[in-house]
$ cat query17.cif   # mmCIF, C-alpha atoms
data_data
#
loop_
_atom_site.label_atom_id
_atom_site.label_comp_id
_atom_site.auth_asym_id
_atom_site.auth_seq_id
_atom_site.Cartn_x
_atom_site.Cartn_y
_atom_site.Cartn_z
CA MET G 1 87.90 182.01 64.28
CA ASN G 2 88.49 183.69 60.97
CA THR G 3 85.69 186.23 60.76
CA THR G 4 85.79 189.91 60.01
CA LEU G 5 85.40 192.61 62.63
CA GLY G 6 82.05 193.54 61.13
CA LYS G 7 80.73 189.99 61.39
CA ARG G 8 81.92 189.72 64.96
CA ILE G 9 80.15 192.95 65.88
CA ALA G 10 76.96 191.65 64.23
CA THR G 11 77.19 188.27 65.96
CA LEU G 12 77.89 189.75 69.37
CA ARG G 13 75.10 192.29 68.90
CA HIS G 14 72.66 189.48 68.11
CA GLU G 15 73.80 187.56 71.18
CA LYS G 16 73.04 190.62 73.28
CA GLU G 17 69.65 190.89 71.54
CA LEU G 18 70.36 194.46 70.50
CA LYS G 19 69.08 196.10 67.35
CA GLN G 20 71.43 198.24 65.29
CA ASP G 21 69.70 201.45 66.32
CA GLU G 22 69.86 200.44 69.99
CA LEU G 23 73.59 199.80 69.75
CA ALA G 24 74.01 203.05 67.84
CA GLU G 25 72.18 204.98 70.53
CA LYS G 26 74.37 203.50 73.27
CA LEU G 27 77.47 204.53 71.34
CA GLY G 28 76.23 207.94 70.22
CA VAL G 29 76.52 207.13 66.53
CA SER G 30 74.00 206.69 63.74
CA PRO G 31 72.39 203.32 62.95
CA GLN G 32 73.89 203.69 59.48
CA ALA G 33 77.36 203.76 61.03
CA VAL G 34 76.68 200.47 62.83
CA SER G 35 75.36 198.98 59.61
CA LYS G 36 78.53 199.99 57.76
CA TRP G 37 80.69 198.43 60.48
CA GLU G 38 78.77 195.16 60.26
CA ASN G 39 79.09 195.10 56.49
CA ASP G 40 82.83 195.84 56.78
CA GLN G 41 82.49 199.07 54.84
CA THR G 42 84.00 201.08 57.68
CA CYS G 43 85.46 200.44 61.12
CA PRO G 44 84.43 201.88 64.48
CA ASP G 45 86.47 204.87 65.58
CA ILE G 46 89.22 203.87 68.00
CA SER G 47 87.69 206.07 70.69
CA LEU G 48 84.56 203.87 70.63
CA LEU G 49 86.27 200.48 70.89
CA LEU G 50 86.33 200.28 74.66
CA LEU G 51 82.66 201.16 75.05
CA LEU G 52 81.67 198.95 72.11
CA ALA G 53 83.51 195.98 73.60
CA LYS G 54 81.91 196.61 76.99
CA ILE G 55 78.41 196.75 75.51
CA LEU G 56 79.03 193.55 73.55
CA GLY G 57 80.44 191.80 76.62
CA VAL G 58 83.94 191.13 75.36
CA SER G 59 87.41 192.58 75.74
CA VAL G 60 88.77 194.92 73.07
CA ASP G 61 91.31 192.24 72.23
CA GLU G 62 88.59 189.66 71.66
CA LEU G 63 86.59 192.13 69.59
CA LEU G 64 89.50 192.95 67.31
CA SER G 65 91.14 189.54 67.07
CA GLY G 66 88.14 187.26 67.30
CA LYS G 67 90.05 185.10 69.74
CA LYS G 68 88.72 184.57 73.20
CA ALA G 69 91.15 184.68 76.09
CA GLU G 70 92.05 181.10 76.78
CA THR G 71 92.13 181.52 80.53
CA PRO G 72 89.25 183.66 81.76
CA ALA G 73 89.36 183.93 85.51
CA VAL G 74 86.87 181.99 87.58
CA ARG G 75 84.10 184.18 88.91
CA ILE G 76 80.86 183.67 90.71
CA LEU G 77 78.20 185.87 89.20
CA PRO G 78 75.40 187.37 91.26
CA GLU G 79 72.02 185.93 90.37
CA ASN G 80 70.89 188.95 88.38
CA GLU G 81 73.92 188.69 86.06
CA ARG G 82 73.68 184.98 85.32
CA LYS G 83 72.73 183.74 81.89
CA ASP G 84 70.19 181.00 81.34
CA ILE G 85 72.01 177.66 81.40
CA LYS G 86 70.36 176.87 78.08
CA ASP G 87 72.46 179.62 76.48
CA MET G 88 75.74 178.81 78.19
CA MET G 89 78.68 176.97 76.78
CA LEU G 90 81.21 174.53 78.13
CA ARG G 91 84.50 174.75 76.28
CA ILE G 92 87.07 172.02 76.53
CA VAL G 93 90.50 173.07 75.32
CA ALA G 94 93.03 170.29 74.96
CA THR G 95 96.58 171.36 74.26
CA ARG G 96 99.02 168.67 73.21
CA ALA G 97 102.58 168.87 74.43
CA LYS G 98 103.72 169.08 70.80
CA GLY G 99 101.59 172.17 70.21
CA ASP G 100 98.30 171.08 68.62
CA VAL G 101 95.18 172.58 70.19
CA ALA G 102 91.69 171.14 70.01
CA ARG G 103 88.61 172.96 71.26
CA VAL G 104 85.23 171.36 71.74
CA ASN G 105 82.34 173.73 72.37
CA LEU G 106 79.41 172.02 74.06
CA PRO G 107 76.20 173.77 75.06
CA LEU G 108 75.54 173.20 78.74
CA SER G 109 72.01 172.11 77.90
CA ILE G 110 73.52 169.10 76.13
CA ILE G 111 75.71 168.38 79.14
CA GLU G 112 72.55 168.37 81.28
CA VAL G 113 70.93 165.88 78.92
CA ALA G 114 74.08 163.75 79.12
CA ILE G 115 74.04 163.75 82.90
CA ASP G 116 70.34 162.91 83.02
CA SER G 117 71.10 160.03 80.65
CA GLY G 118 73.68 158.68 83.08
CA LEU G 119 76.73 159.51 80.96
CA ASN G 120 80.07 160.31 82.50
CA MET G 121 83.30 161.57 80.98
CA SER G 122 85.05 158.22 80.99
CA GLN G 123 82.40 156.88 78.62
CA VAL G 124 82.80 159.61 76.01
CA SER G 125 86.39 160.70 76.24
CA GLY G 126 89.51 158.70 75.58
CA ASN G 127 91.66 161.53 76.93
CA GLU G 128 93.25 160.41 80.18
CA ALA G 129 93.13 163.91 81.62
CA LEU G 130 89.37 164.13 81.04
CA LYS G 131 88.27 160.73 82.29
CA ASN G 132 88.02 161.75 85.94
CA ILE G 133 86.15 164.99 85.34
CA ASP G 134 82.90 165.03 87.30
CA LEU G 135 80.24 166.59 85.08
CA ASN G 136 77.74 166.69 87.93
CA ARG G 137 80.10 168.76 90.01
CA ILE G 138 80.70 171.17 87.15
CA MET G 139 76.97 171.63 86.63
CA ASP G 140 76.47 172.26 90.35
CA MET G 141 79.10 174.98 90.21
CA VAL G 142 77.49 176.55 87.15
CA ARG G 143 74.06 176.56 88.80
CA GLN G 144 75.63 178.48 91.66
CA GLY G 145 76.89 181.10 89.23
CA THR G 146 80.44 179.96 88.54
CA ILE G 147 81.91 180.88 85.16
CA GLY G 148 85.42 180.95 83.77
CA ASN G 149 88.27 178.47 83.91
CA ILE G 150 86.80 175.77 86.13
CA VAL G 151 89.16 172.90 85.53
CA GLU G 152 92.77 172.63 84.44
CA VAL G 153 94.52 169.28 84.42
CA GLU G 154 97.76 167.99 82.99
CA SER G 155 98.36 164.43 81.92
CA ALA G 156 101.57 162.50 82.36
CA ASP G 157 102.34 163.07 78.66
CA GLY G 158 102.37 166.82 79.11
CA ASP G 159 98.97 167.38 77.50
CA THR G 160 96.82 169.93 79.28
CA VAL G 161 93.07 170.16 79.37
CA GLN G 162 91.17 173.24 80.44
CA ILE G 163 87.44 173.47 80.88
CA PHE G 164 85.75 176.86 80.72
CA VAL G 165 82.18 177.81 81.28
CA GLU G 166 80.76 180.95 79.72
CA MET B 1 77.10 170.46 58.99
CA LYS B 2 80.16 172.17 57.56
CA ILE B 3 83.79 171.25 57.92
CA THR B 4 86.39 173.79 56.88
CA ILE B 5 90.13 173.43 56.67
CA ASN B 6 91.99 176.73 56.68
CA THR B 7 88.69 178.51 55.84
CA ARG B 8 88.09 176.32 52.79
CA THR B 9 84.89 174.27 52.97
CA VAL B 10 85.73 170.61 52.47
CA PHE B 11 82.49 169.01 53.62
CA LEU B 12 78.97 170.36 53.51
CA PHE B 13 76.00 168.28 54.54
CA PRO B 14 72.43 169.31 55.40
CA THR B 15 72.24 169.13 59.17
CA GLY B 16 68.57 168.22 58.96
CA LEU B 17 69.51 164.91 57.35
CA ILE B 18 71.47 163.83 60.40
CA THR B 19 69.38 165.42 63.14
CA ASN B 20 66.32 163.21 63.00
CA ARG B 21 64.93 160.19 64.85
CA PHE B 22 66.08 157.69 62.25
CA THR B 23 69.64 158.90 62.59
CA ALA B 24 69.23 158.98 66.36
CA GLY B 25 68.53 155.25 66.25
CA ILE B 26 71.61 154.59 64.16
CA ILE B 27 73.77 156.71 66.45
CA SER B 28 72.36 154.94 69.50
CA ARG B 29 73.18 151.50 68.07
CA ASN B 30 76.69 152.53 67.11
CA LEU B 31 77.38 154.15 70.47
CA LYS B 32 76.31 150.92 72.13
CA LYS B 33 79.08 149.13 70.24
CA GLU B 34 81.53 151.59 71.76
CA GLY B 35 80.20 150.91 75.23
CA VAL B 36 78.18 154.11 75.50
CA ARG B 37 74.65 153.19 76.45
CA LEU B 38 72.20 155.74 75.14
CA THR B 39 68.65 154.88 74.17
CA LYS B 40 67.15 156.16 70.95
CA LYS B 41 65.04 158.54 73.06
CA GLN B 42 68.09 159.90 74.87
CA THR B 43 69.93 160.34 71.55
CA SER B 44 66.87 162.17 70.20
CA LEU B 45 67.01 164.48 73.22
CA PHE B 46 70.64 165.28 72.41
CA ILE B 47 69.75 166.02 68.82
CA LYS B 48 66.79 168.15 69.87
CA GLU B 49 69.07 170.24 72.09
CA ILE B 50 71.63 170.58 69.31
CA ILE B 51 68.95 171.90 66.96
CA ARG B 52 67.56 174.28 69.59
CA TYR B 53 70.97 175.68 70.46
CA LYS B 54 71.97 176.01 66.81
CA LYS B 55 68.87 178.09 66.04
CA ASN B 56 69.90 180.69 68.62
CA HIS B 57 73.65 180.56 68.02
CA ALA B 58 74.31 180.47 64.31
CA ASP B 59 78.07 180.85 64.69
CA TRP B 60 78.47 177.86 66.96
CA ASN B 61 81.54 175.80 66.12
CA LEU B 62 81.32 172.33 67.63
CA VAL B 63 85.00 171.58 67.18
CA GLU B 64 88.03 173.70 66.34
CA PHE B 65 91.42 172.18 65.80
CA GLU B 66 94.62 174.14 65.32
CA SER B 67 97.80 172.30 64.53
CA LYS B 68 101.19 173.47 65.69
CA ASN B 69 101.82 174.50 62.07
CA GLY B 70 98.85 176.85 62.11
CA ASP B 71 96.41 174.73 60.09
CA MET B 72 92.82 175.18 61.25
CA VAL B 73 89.94 172.73 61.06
CA GLU B 74 86.46 173.77 62.11
CA VAL B 75 83.33 171.67 62.39
CA LYS B 76 80.14 173.66 62.41
CA ILE B 77 76.72 172.05 62.90
#

$ encode --input "query17.cif" --output "structure tokens"
Amino acid sequence: MNTTLGKRIATLRHEKELKQDELAEKLGVSPQAVSKWENDQTCPDISLLLLLAKILGVSVDELLSGKKAETPAVRILPENERKDIKDMMLRIVATRAKGDVARVNLPLSIIEVAIDSGLNMSQVSGNEALKNIDLNRIMDMVRQGTIGNIVEVESADGDTVQIFVE
Amino acid sequence: MKITINTRTVFLFPTGLITNRFTAGIISRNLKKEGVRLTKKQTSLFIKEIIRYKKNHADWNLVEFESKNGDMVEVKI
């Protein structure tokens, strides 16, 4: 995504439901400093990047580049660390053998509605690699706390499809 | 709904005009032609969830496409 560092900080801060002064306090800086970062007037000092990224729940690389790691490891989160499914995302990343990449970002709440409606992947996806994906199974794993790279398949044409939950 | 190609907005349409029950009915009928059986009510549920999620996640990109040449297309609801 082509956004500025300031906008990413603001977005991530909102996702963590932090106010500017709360973030400032955690970092030991003034709220005005955070405001200037978010308006791209200044940048955070390099010594703060690691802590800032940790507070915002991303890696330093993601914070600076805006690009999420394509292959986050699979983890099972303890119950107290799990997000509400209504705020979680299922990302499908399809990489063609010739190099094109398509990403579809679907809220898990919509996947739940799809499952309750009796939909399965073969009805909505023409991609051969996706047709046999069991959405019910994926949702069961998510309800048990699984996040990260859940599925990775490769079609006969060399296309790969990865499904992440975050 | 906004579609951008290489950060340039090429399509801008009020999301509210497509996320309503009338449109849900149209979508349901057209999906049926493609073999996807969704009732108008089920389609409305989808749309309701899309609206709810969008309110809490303003930067949500539904689709991102990057060609091997580096061209980027983004579809934002």

$ resolve_selection --input "query17.cif" --expression "the PyMOL selection byres ((chain B) within 7 of (chain G))" --output "JSON, numbers by chain"
{"B": [36, 42, 46, 49, 61, 62, 63, 64, 65, 66, 67, 68]}

$ closest_residue --input "query17.cif" --among "G:Met141, G:Leu90, G:Arg75, G:Ala33" --to "Gln162 (chain G)" --atoms "only C-alpha atoms"
G:Leu90

$ resolve_selection --input "query17.cif" --expression "the PyMOL selection byres ((chain B and resi 13) around 7)" --output "list of chain:residue names"
B:Met1, B:Lys2, B:Phe11, B:Leu12, B:Pro14, B:Thr15

$ write_last_selection --input "query17.cif" --atoms "C-alpha atoms" --output "CSV table (one decimal), in the coordinates of the input"
chain,number,residue,atom,x,y,z
B,1,MET,CA,77.1,170.5,59.0
B,2,LYS,CA,80.2,172.2,57.6
B,11,PHE,CA,82.5,169.0,53.6
B,12,LEU,CA,79.0,170.4,53.5
B,14,PRO,CA,72.4,169.3,55.4
B,15,THR,CA,72.2,169.1,59.2

$ resolve_selection --input "query17.cif" --expression "the PyMOL selection byres ((chain B and resi 27) around 12)" --output "count of residues only"
27

$ residues_around --input "query17.cif" --residues "region 45-51 of chain G" --least-positions-apart "2" --cutoff "10 Å" --atoms "all atoms listed in the file" --output "list in words"
Lys26, Leu27, Gly28, Val29, Thr42, Cys43, Ala53, Lys54, Ile55, Leu56, Gly57, Val58, Ser59, Val60, Asp61, Leu63 and Leu64 of chain G

$ closest_residue --input "query17.cif" --among "G:Leu77, G:Ile115, G:Val142, G:Leu52" --to "Leu12 (chain G)" --atoms "all atoms listed in the file"
G:Leu52
